[in-house]
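Student: To be precise about what I am sending: the file is called final.cif and holds mmCIF, C-alpha atoms and all ligand atoms; chains and numbers go by the auth columns.
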data_data
loop_
_atom_site.group_PDB
_atom_site.id
_atom_site.type_symbol
_atom_site.label_atom_id
_atom_site.label_comp_id
_atom_site.label_asym_id
_atom_site.label_seq_id
_atom_site.Cartn_x
_atom_site.Cartn_y
_atom_site.Cartn_z
_atom_site.B_iso_or_equiv
_atom_site.auth_seq_id
_atom_site.auth_asym_id
ATOM 1 C CA MET A 1 42.002 2.249 10.837 0.00 8 A
ATOM 2 C CA ARG A 2 39.101 1.322 13.083 0.00 9 A
ATOM 3 C CA PHE A 3 36.802 3.365 10.853 0.00 10 A
ATOM 4 C CA TYR A 4 37.841 1.433 7.723 0.00 11 A
ATOM 5 C CA ARG A 5 37.502 -1.854 9.548 0.00 12 A
ATOM 6 C CA ARG A 6 33.958 -0.929 10.514 0.00 13 A
ATOM 7 C CA ILE A 7 33.098 -0.099 6.900 0.00 14 A
ATOM 8 C CA LEU A 8 34.674 -3.337 5.682 0.00 15 A
ATOM 9 C CA ASP A 9 32.744 -5.285 8.293 0.00 16 A
ATOM 10 C CA PHE A 10 29.509 -3.652 7.136 0.00 17 A
ATOM 11 C CA LEU A 11 30.189 -4.451 3.484 0.00 18 A
ATOM 12 C CA PHE A 12 31.669 -7.935 3.968 0.00 19 A
ATOM 13 C CA PRO A 13 30.594 -9.158 7.387 0.00 20 A
ATOM 14 C CA THR A 14 32.456 -12.109 8.795 0.00 21 A
ATOM 15 C CA SER A 15 29.909 -12.830 11.509 0.00 22 A
ATOM 16 C CA CYS A 16 26.336 -14.043 11.072 0.00 23 A
ATOM 17 C CA ALA A 17 23.627 -11.351 11.324 0.00 24 A
ATOM 18 C CA PHE A 18 21.560 -13.632 13.571 0.00 25 A
ATOM 19 C CA CYS A 19 23.902 -15.620 15.850 0.00 26 A
ATOM 20 C CA ASN A 20 27.137 -13.636 15.490 0.00 27 A
ATOM 21 C CA ASP A 21 29.163 -16.801 14.859 0.00 28 A
ATOM 22 C CA PRO A 22 31.646 -16.669 11.979 0.00 29 A
ATOM 23 C CA VAL A 23 29.839 -17.129 8.641 0.00 30 A
ATOM 24 C CA GLY A 24 32.598 -19.556 7.554 0.00 31 A
ATOM 25 C CA ASP A 25 32.115 -20.882 4.035 0.00 32 A
ATOM 26 C CA SER A 26 28.390 -20.098 3.913 0.00 33 A
ATOM 27 C CA THR A 27 27.287 -19.118 0.410 0.00 34 A
ATOM 28 C CA ILE A 28 24.481 -16.909 1.789 0.00 35 A
ATOM 29 C CA PRO A 29 25.310 -13.232 2.354 0.00 36 A
ATOM 30 C CA PHE A 30 25.386 -12.260 6.079 0.00 37 A
ATOM 31 C CA PHE A 31 24.193 -15.652 7.408 0.00 38 A
ATOM 32 C CA CYS A 32 25.932 -18.790 8.619 0.00 39 A
ATOM 33 C CA SER A 33 24.706 -22.085 7.142 0.00 40 A
ATOM 34 C CA SER A 34 23.103 -23.320 10.346 0.00 41 A
ATOM 35 C CA CYS A 35 20.956 -20.191 10.882 0.00 42 A
ATOM 36 C CA TRP A 36 19.890 -20.354 7.242 0.00 43 A
ATOM 37 C CA ALA A 37 18.881 -23.993 7.679 0.00 44 A
ATOM 38 C CA ASP A 38 16.978 -23.077 10.823 0.00 45 A
ATOM 39 C CA PHE A 39 13.959 -21.303 9.268 0.00 46 A
ATOM 40 C CA THR A 40 10.737 -22.759 10.687 0.00 47 A
ATOM 41 C CA PRO A 41 8.387 -23.881 7.914 0.00 48 A
ATOM 42 C CA ILE A 42 4.617 -23.840 8.485 0.00 49 A
ATOM 43 C CA LEU A 43 3.806 -27.520 8.100 0.00 50 A
ATOM 44 C CA GLY A 44 0.677 -28.084 10.195 0.00 51 A
ATOM 45 C CA GLN A 45 -2.972 -27.463 9.378 0.00 52 A
ATOM 46 C CA VAL A 46 -3.906 -23.895 8.492 0.00 53 A
ATOM 47 C CA CYS A 47 -7.133 -22.005 7.835 0.00 54 A
ATOM 48 C CA PRO A 48 -7.880 -22.792 4.160 0.00 55 A
ATOM 49 C CA ARG A 49 -8.809 -19.143 3.629 0.00 56 A
ATOM 50 C CA CYS A 50 -6.262 -16.939 5.419 0.00 57 A
ATOM 51 C CA GLY A 51 -3.515 -19.460 6.146 0.00 58 A
ATOM 52 C CA ARG A 52 -3.546 -18.877 9.911 0.00 59 A
ATOM 53 C CA PRO A 53 -2.028 -21.955 11.580 0.00 60 A
ATOM 54 C CA PHE A 54 -4.585 -23.846 13.702 0.00 61 A
ATOM 55 C CA ASP A 55 -3.632 -24.792 17.255 0.00 62 A
ATOM 56 C CA SER A 56 -5.205 -28.210 16.943 0.00 63 A
ATOM 57 C CA PRO A 57 -3.659 -30.666 14.478 0.00 64 A
ATOM 58 C CA GLU A 58 -7.183 -32.136 14.118 0.00 65 A
ATOM 59 C CA ALA A 59 -8.867 -28.844 13.127 0.00 66 A
ATOM 60 C CA LEU A 60 -9.564 -29.939 9.548 0.00 67 A
ATOM 61 C CA ALA A 61 -10.014 -33.665 10.226 0.00 68 A
ATOM 62 C CA HIS A 62 -13.785 -33.708 9.709 0.00 69 A
ATOM 63 C CA SER A 63 -14.376 -30.631 7.562 0.00 70 A
ATOM 64 C CA PRO A 64 -11.461 -29.639 5.314 0.00 71 A
ATOM 65 C CA ASP A 65 -13.164 -26.328 4.469 0.00 72 A
ATOM 66 C CA HIS A 66 -13.398 -25.213 8.106 0.00 73 A
ATOM 67 C CA THR A 67 -12.178 -21.602 8.282 0.00 74 A
ATOM 68 C CA CYS A 68 -10.942 -19.663 11.311 0.00 75 A
ATOM 69 C CA LEU A 69 -13.207 -17.378 13.340 0.00 76 A
ATOM 70 C CA ALA A 70 -11.733 -14.201 11.829 0.00 77 A
ATOM 71 C CA CYS A 71 -12.500 -15.418 8.275 0.00 78 A
ATOM 72 C CA ARG A 72 -16.040 -16.398 9.224 0.00 79 A
ATOM 73 C CA ARG A 73 -16.674 -12.954 10.735 0.00 80 A
ATOM 74 C CA ASP A 74 -15.015 -10.939 7.989 0.00 81 A
ATOM 75 C CA PRO A 75 -14.037 -13.013 4.934 0.00 82 A
ATOM 76 C CA PRO A 76 -10.994 -11.682 3.093 0.00 83 A
ATOM 77 C CA LEU A 77 -11.236 -10.717 -0.585 0.00 84 A
ATOM 78 C CA PHE A 78 -8.487 -13.134 -1.651 0.00 85 A
ATOM 79 C CA ASP A 79 -9.482 -16.773 -2.025 0.00 86 A
ATOM 80 C CA GLN A 80 -6.549 -18.192 -0.150 0.00 87 A
ATOM 81 C CA ALA A 81 -3.419 -17.039 1.685 0.00 88 A
ATOM 82 C CA LEU A 82 -0.374 -19.240 2.062 0.00 89 A
ATOM 83 C CA ALA A 83 2.962 -18.586 3.732 0.00 90 A
ATOM 84 C CA VAL A 84 6.048 -20.777 3.794 0.00 91 A
ATOM 85 C CA GLY A 85 7.649 -19.972 7.148 0.00 92 A
ATOM 86 C CA TYR A 86 6.940 -18.431 10.535 0.00 93 A
ATOM 87 C CA PHE A 87 8.146 -14.819 10.737 0.00 94 A
ATOM 88 C CA GLU A 88 10.455 -15.453 13.667 0.00 95 A
ATOM 89 C CA GLY A 89 14.068 -16.286 14.510 0.00 96 A
ATOM 90 C CA SER A 90 16.585 -16.332 11.683 0.00 97 A
ATOM 91 C CA LEU A 91 13.931 -15.983 8.940 0.00 98 A
ATOM 92 C CA ARG A 92 12.723 -12.754 10.533 0.00 99 A
ATOM 93 C CA GLU A 93 16.301 -11.480 10.655 0.00 100 A
ATOM 94 C CA ALA A 94 16.858 -12.510 7.027 0.00 101 A
ATOM 95 C CA VAL A 95 13.785 -10.521 5.912 0.00 102 A
ATOM 96 C CA HIS A 96 15.034 -7.499 7.894 0.00 103 A
ATOM 97 C CA GLN A 97 18.476 -7.647 6.296 0.00 104 A
ATOM 98 C CA PHE A 98 16.881 -8.123 2.873 0.00 105 A
ATOM 99 C CA LYS A 99 14.587 -5.085 3.194 0.00 106 A
ATOM 100 C CA TYR A 100 16.228 -2.656 5.537 0.00 107 A
ATOM 101 C CA ARG A 101 19.954 -3.192 5.104 0.00 108 A
ATOM 102 C CA PRO A 102 18.905 -3.388 2.187 0.00 109 A
ATOM 103 C CA CYS A 103 20.579 -6.449 0.675 0.00 110 A
ATOM 104 C CA ARG A 104 19.399 -7.282 -2.801 0.00 111 A
ATOM 105 C CA SER A 105 21.531 -10.426 -3.005 0.00 112 A
ATOM 106 C CA LEU A 106 19.407 -12.135 -0.315 0.00 113 A
ATOM 107 C CA GLY A 107 16.522 -12.131 -2.827 0.00 114 A
ATOM 108 C CA LYS A 108 17.788 -15.166 -4.699 0.00 115 A
ATOM 109 C CA PRO A 109 18.310 -17.556 -1.753 0.00 116 A
ATOM 110 C CA LEU A 110 15.112 -16.363 -0.005 0.00 117 A
ATOM 111 C CA GLY A 111 13.155 -16.740 -3.243 0.00 118 A
ATOM 112 C CA GLU A 112 14.598 -20.212 -3.750 0.00 119 A
ATOM 113 C CA TRP A 113 13.600 -21.272 -0.244 0.00 120 A
ATOM 114 C CA MET A 114 10.106 -19.891 -0.837 0.00 121 A
ATOM 115 C CA ALA A 115 9.655 -21.538 -4.246 0.00 122 A
ATOM 116 C CA LYS A 116 11.011 -24.876 -3.051 0.00 123 A
ATOM 117 C CA ASN A 117 8.818 -25.100 0.037 0.00 124 A
ATOM 118 C CA VAL A 118 5.475 -23.873 -1.312 0.00 125 A
ATOM 119 C CA ARG A 119 2.521 -26.193 -0.803 0.00 126 A
ATOM 120 C CA PRO A 120 1.228 -27.489 -4.126 0.00 127 A
ATOM 121 C CA LEU A 121 -0.546 -24.728 -6.065 0.00 128 A
ATOM 122 C CA THR A 122 -2.977 -25.782 -8.742 0.00 129 A
ATOM 123 C CA LYS A 123 -3.814 -24.035 -11.977 0.00 130 A
ATOM 124 C CA ILE A 124 -2.004 -20.716 -11.660 0.00 131 A
ATOM 125 C CA ASP A 125 -1.973 -18.437 -14.692 0.00 132 A
ATOM 126 C CA LEU A 126 0.033 -15.497 -13.433 0.00 133 A
ATOM 127 C CA VAL A 127 2.451 -14.477 -10.663 0.00 134 A
ATOM 128 C CA MET A 128 2.378 -10.821 -9.573 0.00 135 A
ATOM 129 C CA PRO A 129 4.478 -9.025 -6.939 0.00 136 A
ATOM 130 C CA VAL A 130 2.870 -6.558 -4.529 0.00 137 A
ATOM 131 C CA PRO A 131 4.222 -3.274 -5.936 0.00 138 A
ATOM 132 C CA LEU A 132 6.228 -0.579 -4.177 0.00 139 A
ATOM 133 C CA HIS A 133 5.572 3.089 -4.765 0.00 140 A
ATOM 134 C CA GLY A 134 8.208 4.772 -6.938 0.00 141 A
ATOM 135 C CA ARG A 135 9.506 6.792 -4.007 0.00 142 A
ATOM 136 C CA ARG A 136 10.130 3.689 -1.851 0.00 143 A
ATOM 137 C CA LEU A 137 11.627 1.878 -4.829 0.00 144 A
ATOM 138 C CA LYS A 138 14.109 4.691 -5.248 0.00 145 A
ATOM 139 C CA GLU A 139 15.112 4.537 -1.562 0.00 146 A
ATOM 140 C CA ARG A 140 15.560 0.746 -1.457 0.00 147 A
ATOM 141 C CA GLY A 141 16.769 0.267 -5.004 0.00 148 A
ATOM 142 C CA PHE A 142 14.635 -2.824 -5.592 0.00 149 A
ATOM 143 C CA ASN A 143 11.210 -4.291 -4.834 0.00 150 A
ATOM 144 C CA GLN A 144 11.735 -7.271 -2.533 0.00 151 A
ATOM 145 C CA ALA A 145 8.393 -8.826 -3.588 0.00 152 A
ATOM 146 C CA LEU A 146 9.417 -8.633 -7.240 0.00 153 A
ATOM 147 C CA LEU A 147 12.646 -10.561 -6.602 0.00 154 A
ATOM 148 C CA LEU A 148 10.674 -13.290 -4.796 0.00 155 A
ATOM 149 C CA ALA A 149 8.019 -13.400 -7.535 0.00 156 A
ATOM 150 C CA HIS A 150 10.684 -13.704 -10.194 0.00 157 A
ATOM 151 C CA ARG A 151 12.132 -16.790 -8.499 0.00 158 A
ATOM 152 C CA MET A 152 8.646 -18.349 -8.136 0.00 159 A
ATOM 153 C CA SER A 153 7.932 -17.750 -11.792 0.00 160 A
ATOM 154 C CA GLU A 154 11.247 -19.289 -12.898 0.00 161 A
ATOM 155 C CA THR A 155 11.113 -22.325 -10.615 0.00 162 A
ATOM 156 C CA HIS A 156 7.513 -23.247 -11.373 0.00 163 A
ATOM 157 C CA ARG A 157 7.434 -21.931 -14.966 0.00 164 A
ATOM 158 C CA ILE A 158 4.482 -19.626 -14.376 0.00 165 A
ATOM 159 C CA PRO A 159 4.153 -16.428 -16.428 0.00 166 A
ATOM 160 C CA TYR A 160 4.870 -13.332 -14.421 0.00 167 A
ATOM 161 C CA SER A 161 3.682 -9.764 -14.638 0.00 168 A
ATOM 162 C CA CYS A 162 5.713 -7.148 -12.796 0.00 169 A
ATOM 163 C CA ASP A 163 4.256 -3.812 -13.909 0.00 170 A
ATOM 164 C CA ASN A 164 0.504 -4.279 -14.339 0.00 171 A
ATOM 165 C CA LEU A 165 -0.413 -3.835 -10.666 0.00 172 A
ATOM 166 C CA TYR A 166 1.018 -0.579 -9.282 0.00 173 A
ATOM 167 C CA ARG A 167 0.768 1.827 -6.325 0.00 174 A
ATOM 168 C CA ALA A 168 -1.354 4.752 -7.369 0.00 175 A
ATOM 169 C CA ARG A 169 -0.284 6.744 -4.299 0.00 176 A
ATOM 170 C CA PRO A 170 2.412 6.473 -1.620 0.00 177 A
ATOM 171 C CA THR A 171 1.468 4.871 1.719 0.00 178 A
ATOM 172 C CA ARG A 172 3.117 4.781 5.133 0.00 179 A
ATOM 173 C CA PRO A 173 5.048 1.588 5.974 0.00 180 A
ATOM 174 C CA GLN A 174 2.457 -0.885 7.337 0.00 181 A
ATOM 175 C CA VAL A 175 4.934 -2.021 9.983 0.00 182 A
ATOM 176 C CA GLU A 176 4.424 1.279 11.867 0.00 183 A
ATOM 177 C CA LEU A 177 0.635 0.926 12.065 0.00 184 A
ATOM 178 C CA THR A 178 -2.101 -0.891 14.007 0.00 185 A
ATOM 179 C CA GLY A 179 -4.673 -3.186 12.350 0.00 186 A
ATOM 180 C CA ALA A 180 -7.363 -0.560 11.620 0.00 187 A
ATOM 181 C CA GLU A 181 -4.748 1.993 10.502 0.00 188 A
ATOM 182 C CA ARG A 182 -3.277 -0.546 8.095 0.00 189 A
ATOM 183 C CA ILE A 183 -6.624 -0.980 6.337 0.00 190 A
ATOM 184 C CA ARG A 184 -7.062 2.804 5.966 0.00 191 A
ATOM 185 C CA ASN A 185 -3.445 3.265 4.909 0.00 192 A
ATOM 186 C CA VAL A 186 -3.741 1.030 1.836 0.00 193 A
ATOM 187 C CA ALA A 187 -7.379 1.784 0.902 0.00 194 A
ATOM 188 C CA GLY A 188 -7.465 2.718 -2.786 0.00 195 A
ATOM 189 C CA ALA A 189 -3.659 2.623 -3.010 0.00 196 A
ATOM 190 C CA PHE A 190 -3.438 0.067 -5.845 0.00 197 A
ATOM 191 C CA ALA A 191 -4.538 0.035 -9.479 0.00 198 A
ATOM 192 C CA LEU A 192 -4.021 -1.969 -12.673 0.00 199 A
ATOM 193 C CA ARG A 193 -2.511 -0.567 -15.860 0.00 200 A
ATOM 194 C CA ARG A 194 -4.032 -3.326 -18.021 0.00 201 A
ATOM 195 C CA PRO A 195 -7.085 -4.727 -16.205 0.00 202 A
ATOM 196 C CA ALA A 196 -8.052 -6.988 -19.152 0.00 203 A
ATOM 197 C CA GLU A 197 -4.885 -9.055 -18.583 0.00 204 A
ATOM 198 C CA VAL A 198 -6.198 -10.505 -15.318 0.00 205 A
ATOM 199 C CA GLU A 199 -9.770 -11.197 -16.456 0.00 206 A
ATOM 200 C CA ASN A 200 -10.720 -14.837 -15.767 0.00 207 A
ATOM 201 C CA ARG A 201 -7.146 -15.506 -14.641 0.00 208 A
ATOM 202 C CA SER A 202 -5.948 -17.288 -11.550 0.00 209 A
ATOM 203 C CA VAL A 203 -3.399 -14.920 -9.989 0.00 210 A
ATOM 204 C CA VAL A 204 -0.804 -15.470 -7.258 0.00 211 A
ATOM 205 C CA LEU A 205 0.145 -12.267 -5.455 0.00 212 A
ATOM 206 C CA ILE A 206 3.610 -12.366 -3.897 0.00 213 A
ATOM 207 C CA ASP A 207 4.929 -10.449 -0.903 0.00 214 A
ATOM 208 C CA ASP A 208 7.557 -10.970 1.779 0.00 215 A
ATOM 209 C CA VAL A 209 5.476 -11.007 4.979 0.00 216 A
ATOM 210 C CA PHE A 210 1.768 -11.528 5.705 0.00 217 A
ATOM 211 C CA THR A 211 0.799 -9.736 8.919 0.00 218 A
ATOM 212 C CA THR A 212 -2.849 -8.621 9.022 0.00 219 A
ATOM 213 C CA GLY A 213 -3.448 -9.239 5.308 0.00 220 A
ATOM 214 C CA ALA A 214 -4.578 -5.625 4.715 0.00 221 A
ATOM 215 C CA THR A 215 -2.211 -5.076 1.760 0.00 222 A
ATOM 216 C CA MET A 216 -3.081 -8.423 0.158 0.00 223 A
ATOM 217 C CA ASN A 217 -6.777 -7.758 0.661 0.00 224 A
ATOM 218 C CA GLU A 218 -6.565 -4.378 -1.044 0.00 225 A
ATOM 219 C CA CYS A 219 -4.616 -5.819 -4.004 0.00 226 A
ATOM 220 C CA ALA A 220 -7.114 -8.698 -4.229 0.00 227 A
ATOM 221 C CA SER A 221 -10.002 -6.249 -4.366 0.00 228 A
ATOM 222 C CA VAL A 222 -8.444 -4.500 -7.399 0.00 229 A
ATOM 223 C CA LEU A 223 -7.809 -7.834 -9.136 0.00 230 A
ATOM 224 C CA LYS A 224 -11.320 -9.129 -8.418 0.00 231 A
ATOM 225 C CA GLN A 225 -12.894 -5.909 -9.687 0.00 232 A
ATOM 226 C CA ALA A 226 -11.009 -6.474 -12.940 0.00 233 A
ATOM 227 C CA GLY A 227 -12.510 -9.968 -13.143 0.00 234 A
ATOM 228 C CA ALA A 228 -9.712 -12.198 -11.800 0.00 235 A
ATOM 229 C CA ALA A 229 -11.114 -15.697 -11.288 0.00 236 A
ATOM 230 C CA GLN A 230 -8.944 -16.614 -8.311 0.00 237 A
ATOM 231 C CA VAL A 231 -6.505 -14.671 -6.114 0.00 238 A
ATOM 232 C CA THR A 232 -3.967 -16.446 -3.907 0.00 239 A
ATOM 233 C CA ALA A 233 -1.850 -14.380 -1.505 0.00 240 A
ATOM 234 C CA PHE A 234 1.503 -16.080 -1.178 0.00 241 A
ATOM 235 C CA THR A 235 4.241 -14.871 1.158 0.00 242 A
ATOM 236 C CA LEU A 236 7.655 -15.940 2.304 0.00 243 A
ATOM 237 C CA ALA A 237 6.680 -15.573 5.958 0.00 244 A
ATOM 238 C CA ARG A 238 3.686 -15.169 8.212 0.00 245 A
ATOM 239 C CA ALA A 239 3.650 -13.071 11.366 0.00 246 A
ATOM 240 C CA LEU A 240 1.353 -14.329 14.118 0.00 247 A
HETATM 241 ZN ZN ZN B . 24.177 -17.837 12.404 0.00 301 Z
HETATM 242 ZN ZN ZN B . -8.830 -17.681 8.385 0.00 302 Z
#
What is this structure when it is put down as structure tokens?
Tutor:
Amino acid sequence: MRFYRRILDFLFPTSCAFCNDPVGDSTIPFFCSSCWADFTPILGQVCPRCGRPFDSPEALAHSPDHTCLACRRDPPLFDQALAVGYFEGSLREAVHQFKYRPCRSLGKPLGEWMAKNVRPLTKIDLVMPVPLHGRRLKERGFNQALLLAHRMSETHRIPYSCDNLYRARPTRPQVELTGAERIRNVAGAFALRRPAEVENRSVVLIDDVFTTGATMNECASVLKQAGAAQVTAFTLARAL
């Protein structure tokens, strides 16, 4: 009996994955309404290049193009990175449940939150998810970035391309690696099936979490080599 109860609780949990309170009449799988409403959006001033939040609220007061030290030392290959929320608290837990449980049905509400809270994006031609390698896709059953990209495309009526950019070889999960290892891990890992489709286009790359930016940078390099005019890296969350 206890065994079946445990299985039932795994499939249809009655307590919130973050606070353990009863989920009540929450419409979000595995989360109570108050934890879901408790995601911390990034609202202050950020580096216009990599999206890193600035400590000082006055950082851009006199020069709106002022970039952070890391971007001045080693400019990324994407033109801009933006994230909607801080990768902490209940948002961090939601991303974990989404990817590692894995819970496909969290894609819709997470994608909606992302699409609704994005800072204004101008002149975007194409939305593209960061691809998963076939092997990982088989394990998880879905590409979390693709579900988020789909929601962005629908909400903002931007064309979307889900199969042009692909992983040419499998890579280790970035989450296990240090900064320098992450860069090596994804070097040469991406390619385009139809490079002409991105030529002179302004592309938004979508992923779940921006950590060091190594994956986004590698994808941006492939897009820029194919002649993309502008590459924006857009993620649900940003780790600091
Ligand atoms: Zn909760
Ligand atoms: Zn920066």
Student: I'd like the contact shell of region 182-190 of chain A - 8 Å cut-off, only C-alpha atoms, skipping same-chain residues fewer than 4 positions apart - returned as a compact mmCIF listing (two decimals) with C-alpha atoms, keeping the file's coordinate frame.
Tutor:
# COMPACT_ATOMS: atom_id res chain seq x y z
CA ALA A 194 -7.38 1.78 0.90
CA THR A 219 -2.85 -8.62 9.02
CA ALA A 221 -4.58 -5.62 4.72
CA THR A 222 -2.21 -5.08 1.76
Student: Restricting the calculation to all atoms listed in the file: of A:Cys78, A:Val91, A:Val229, A:Ala68, which residue gets closest to ligand ZN 302 (chain Z)?
Tutor: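 The shortest atom-to-atom distance to ligand ZN 302 (chain Z) comes from A:Cys78.
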Student: For the structure shown, which residues end up in the PyMOL selection byres (((chain A and resi 230) around 9) and not hetatm)? Put them as JSON, numbers by chain, please?
Tutor: {"A": [172, 198, 199, 202, 205, 206, 210, 225, 226, 227, 228, 229, 231, 232, 233, 234, 235, 236, 237, 238]}
Student: With only C-alpha atoms and all ligand atoms counted, collect every polymer residue having an atom within 6 Å of ligand ZN 302 (chain Z); state the result as a list in words.
Tutor: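 Counting only C-alpha atoms and all ligand atoms, the residues within 6 Å of ligand ZN 302 (chain Z) come out as Cys54, Arg56, Cys57, Arg59, Thr74, Cys75, Ala77 and Cys78 of chain A.
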Student: Just the residues within 12 Å of region 160-164 of chain A, please, counting only C-alpha atoms, with nothing from its chain fewer than 3 positions along; format it as a ChimeraX atom specification.
Tutor: /A:115,118-125,127-136,153-157,167-169,210-213
Student: Once you have the residues from the selection above, write them out as a short mmCIF file (atom, residue, chain, number, x, y, z; two decimals), keeping the file's coordinate frame, restricted to C-alpha atoms.
Tutor:
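Result file follows (result03.cif):
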data_model
loop_
_atom_site.label_atom_id
_atom_site.label_comp_id
_atom_site.auth_asym_id
_atom_site.auth_seq_id
_atom_site.Cartn_x
_atom_site.Cartn_y
_atom_site.Cartn_z
CA LYS A 115 17.79 -15.17 -4.70
CA GLY A 118 13.16 -16.74 -3.24
CA GLU A 119 14.60 -20.21 -3.75
CA TRP A 120 13.60 -21.27 -0.24
CA MET A 121 10.11 -19.89 -0.84
CA ALA A 122 9.65 -21.54 -4.25
CA LYS A 123 11.01 -24.88 -3.05
CA ASN A 124 8.82 -25.10 0.04
CA VAL A 125 5.48 -23.87 -1.31
CA PRO A 127 1.23 -27.49 -4.13
CA LEU A 128 -0.55 -24.73 -6.06
CA THR A 129 -2.98 -25.78 -8.74
CA LYS A 130 -3.81 -24.04 -11.98
CA ILE A 131 -2.00 -20.72 -11.66
CA ASP A 132 -1.97 -18.44 -14.69
CA LEU A 133 0.03 -15.50 -13.43
CA VAL A 134 2.45 -14.48 -10.66
CA MET A 135 2.38 -10.82 -9.57
CA PRO A 136 4.48 -9.02 -6.94
CA LEU A 153 9.42 -8.63 -7.24
CA LEU A 154 12.65 -10.56 -6.60
CA LEU A 155 10.67 -13.29 -4.80
CA ALA A 156 8.02 -13.40 -7.54
CA HIS A 157 10.68 -13.70 -10.19
CA TYR A 167 4.87 -13.33 -14.42
CA SER A 168 3.68 -9.76 -14.64
CA CYS A 169 5.71 -7.15 -12.80
CA VAL A 210 -3.40 -14.92 -9.99
CA VAL A 211 -0.80 -15.47 -7.26
CA LEU A 212 0.14 -12.27 -5.46
CA ILE A 213 3.61 -12.37 -3.90
#
Student: Enumerate as a PyMOL selection string the residues within 10 Å of ligand ZN 301 (chain Z), counting all atoms listed in the file.
Tutor: chain A and resi 22-31+33+37-45+97
Student: For region 80-85 of chain A, supply all heavy atoms and report the output as a compact mmCIF listing (two decimals), in the coordinates of the input.
Tutor:
# COMPACT_ATOMS: atom_id res chain seq x y z
N ARG A 80 -16.11 -14.27 10.39
CA ARG A 80 -16.67 -12.95 10.74
C ARG A 80 -16.52 -11.96 9.60
O ARG A 80 -17.41 -11.18 9.31
CB ARG A 80 -15.95 -12.40 11.97
CG ARG A 80 -16.49 -12.98 13.24
CD ARG A 80 -15.93 -12.20 14.43
NE ARG A 80 -16.37 -12.81 15.67
CZ ARG A 80 -15.64 -12.88 16.77
NH1 ARG A 80 -14.43 -12.37 16.78
NH2 ARG A 80 -16.10 -13.44 17.84
N ASP A 81 -15.34 -11.95 8.99
CA ASP A 81 -15.02 -10.94 7.99
C ASP A 81 -14.17 -11.59 6.89
O ASP A 81 -12.94 -11.48 6.91
CB ASP A 81 -14.24 -9.80 8.70
CG ASP A 81 -14.07 -8.60 7.80
OD1 ASP A 81 -14.71 -8.54 6.74
OD2 ASP A 81 -13.25 -7.72 8.16
N PRO A 82 -14.81 -12.27 5.94
CA PRO A 82 -14.04 -13.01 4.93
C PRO A 82 -13.14 -12.10 4.11
O PRO A 82 -13.58 -11.03 3.68
CB PRO A 82 -15.12 -13.65 4.04
CG PRO A 82 -16.41 -13.47 4.75
CD PRO A 82 -16.25 -12.32 5.70
N PRO A 83 -11.89 -12.51 3.91
CA PRO A 83 -10.99 -11.68 3.09
C PRO A 83 -11.41 -11.70 1.62
O PRO A 83 -12.21 -12.55 1.21
CB PRO A 83 -9.63 -12.35 3.28
CG PRO A 83 -9.90 -13.72 3.77
CD PRO A 83 -11.23 -13.71 4.44
N LEU A 84 -10.87 -10.79 0.83
CA LEU A 84 -11.24 -10.72 -0.58
C LEU A 84 -10.41 -11.66 -1.45
O LEU A 84 -10.78 -11.99 -2.56
CB LEU A 84 -11.10 -9.28 -1.09
CG LEU A 84 -12.05 -8.30 -0.38
CD1 LEU A 84 -11.73 -6.87 -0.77
CD2 LEU A 84 -13.50 -8.62 -0.71
N PHE A 85 -9.25 -12.11 -0.92
CA PHE A 85 -8.49 -13.13 -1.65
C PHE A 85 -9.12 -14.49 -1.35
O PHE A 85 -9.83 -14.65 -0.35
CB PHE A 85 -7.00 -13.10 -1.28
CG PHE A 85 -6.72 -13.03 0.19
CD1 PHE A 85 -6.83 -14.15 1.00
CD2 PHE A 85 -6.35 -11.82 0.79
CE1 PHE A 85 -6.57 -14.09 2.36
CE2 PHE A 85 -6.09 -11.75 2.15
CZ PHE A 85 -6.21 -12.89 2.94
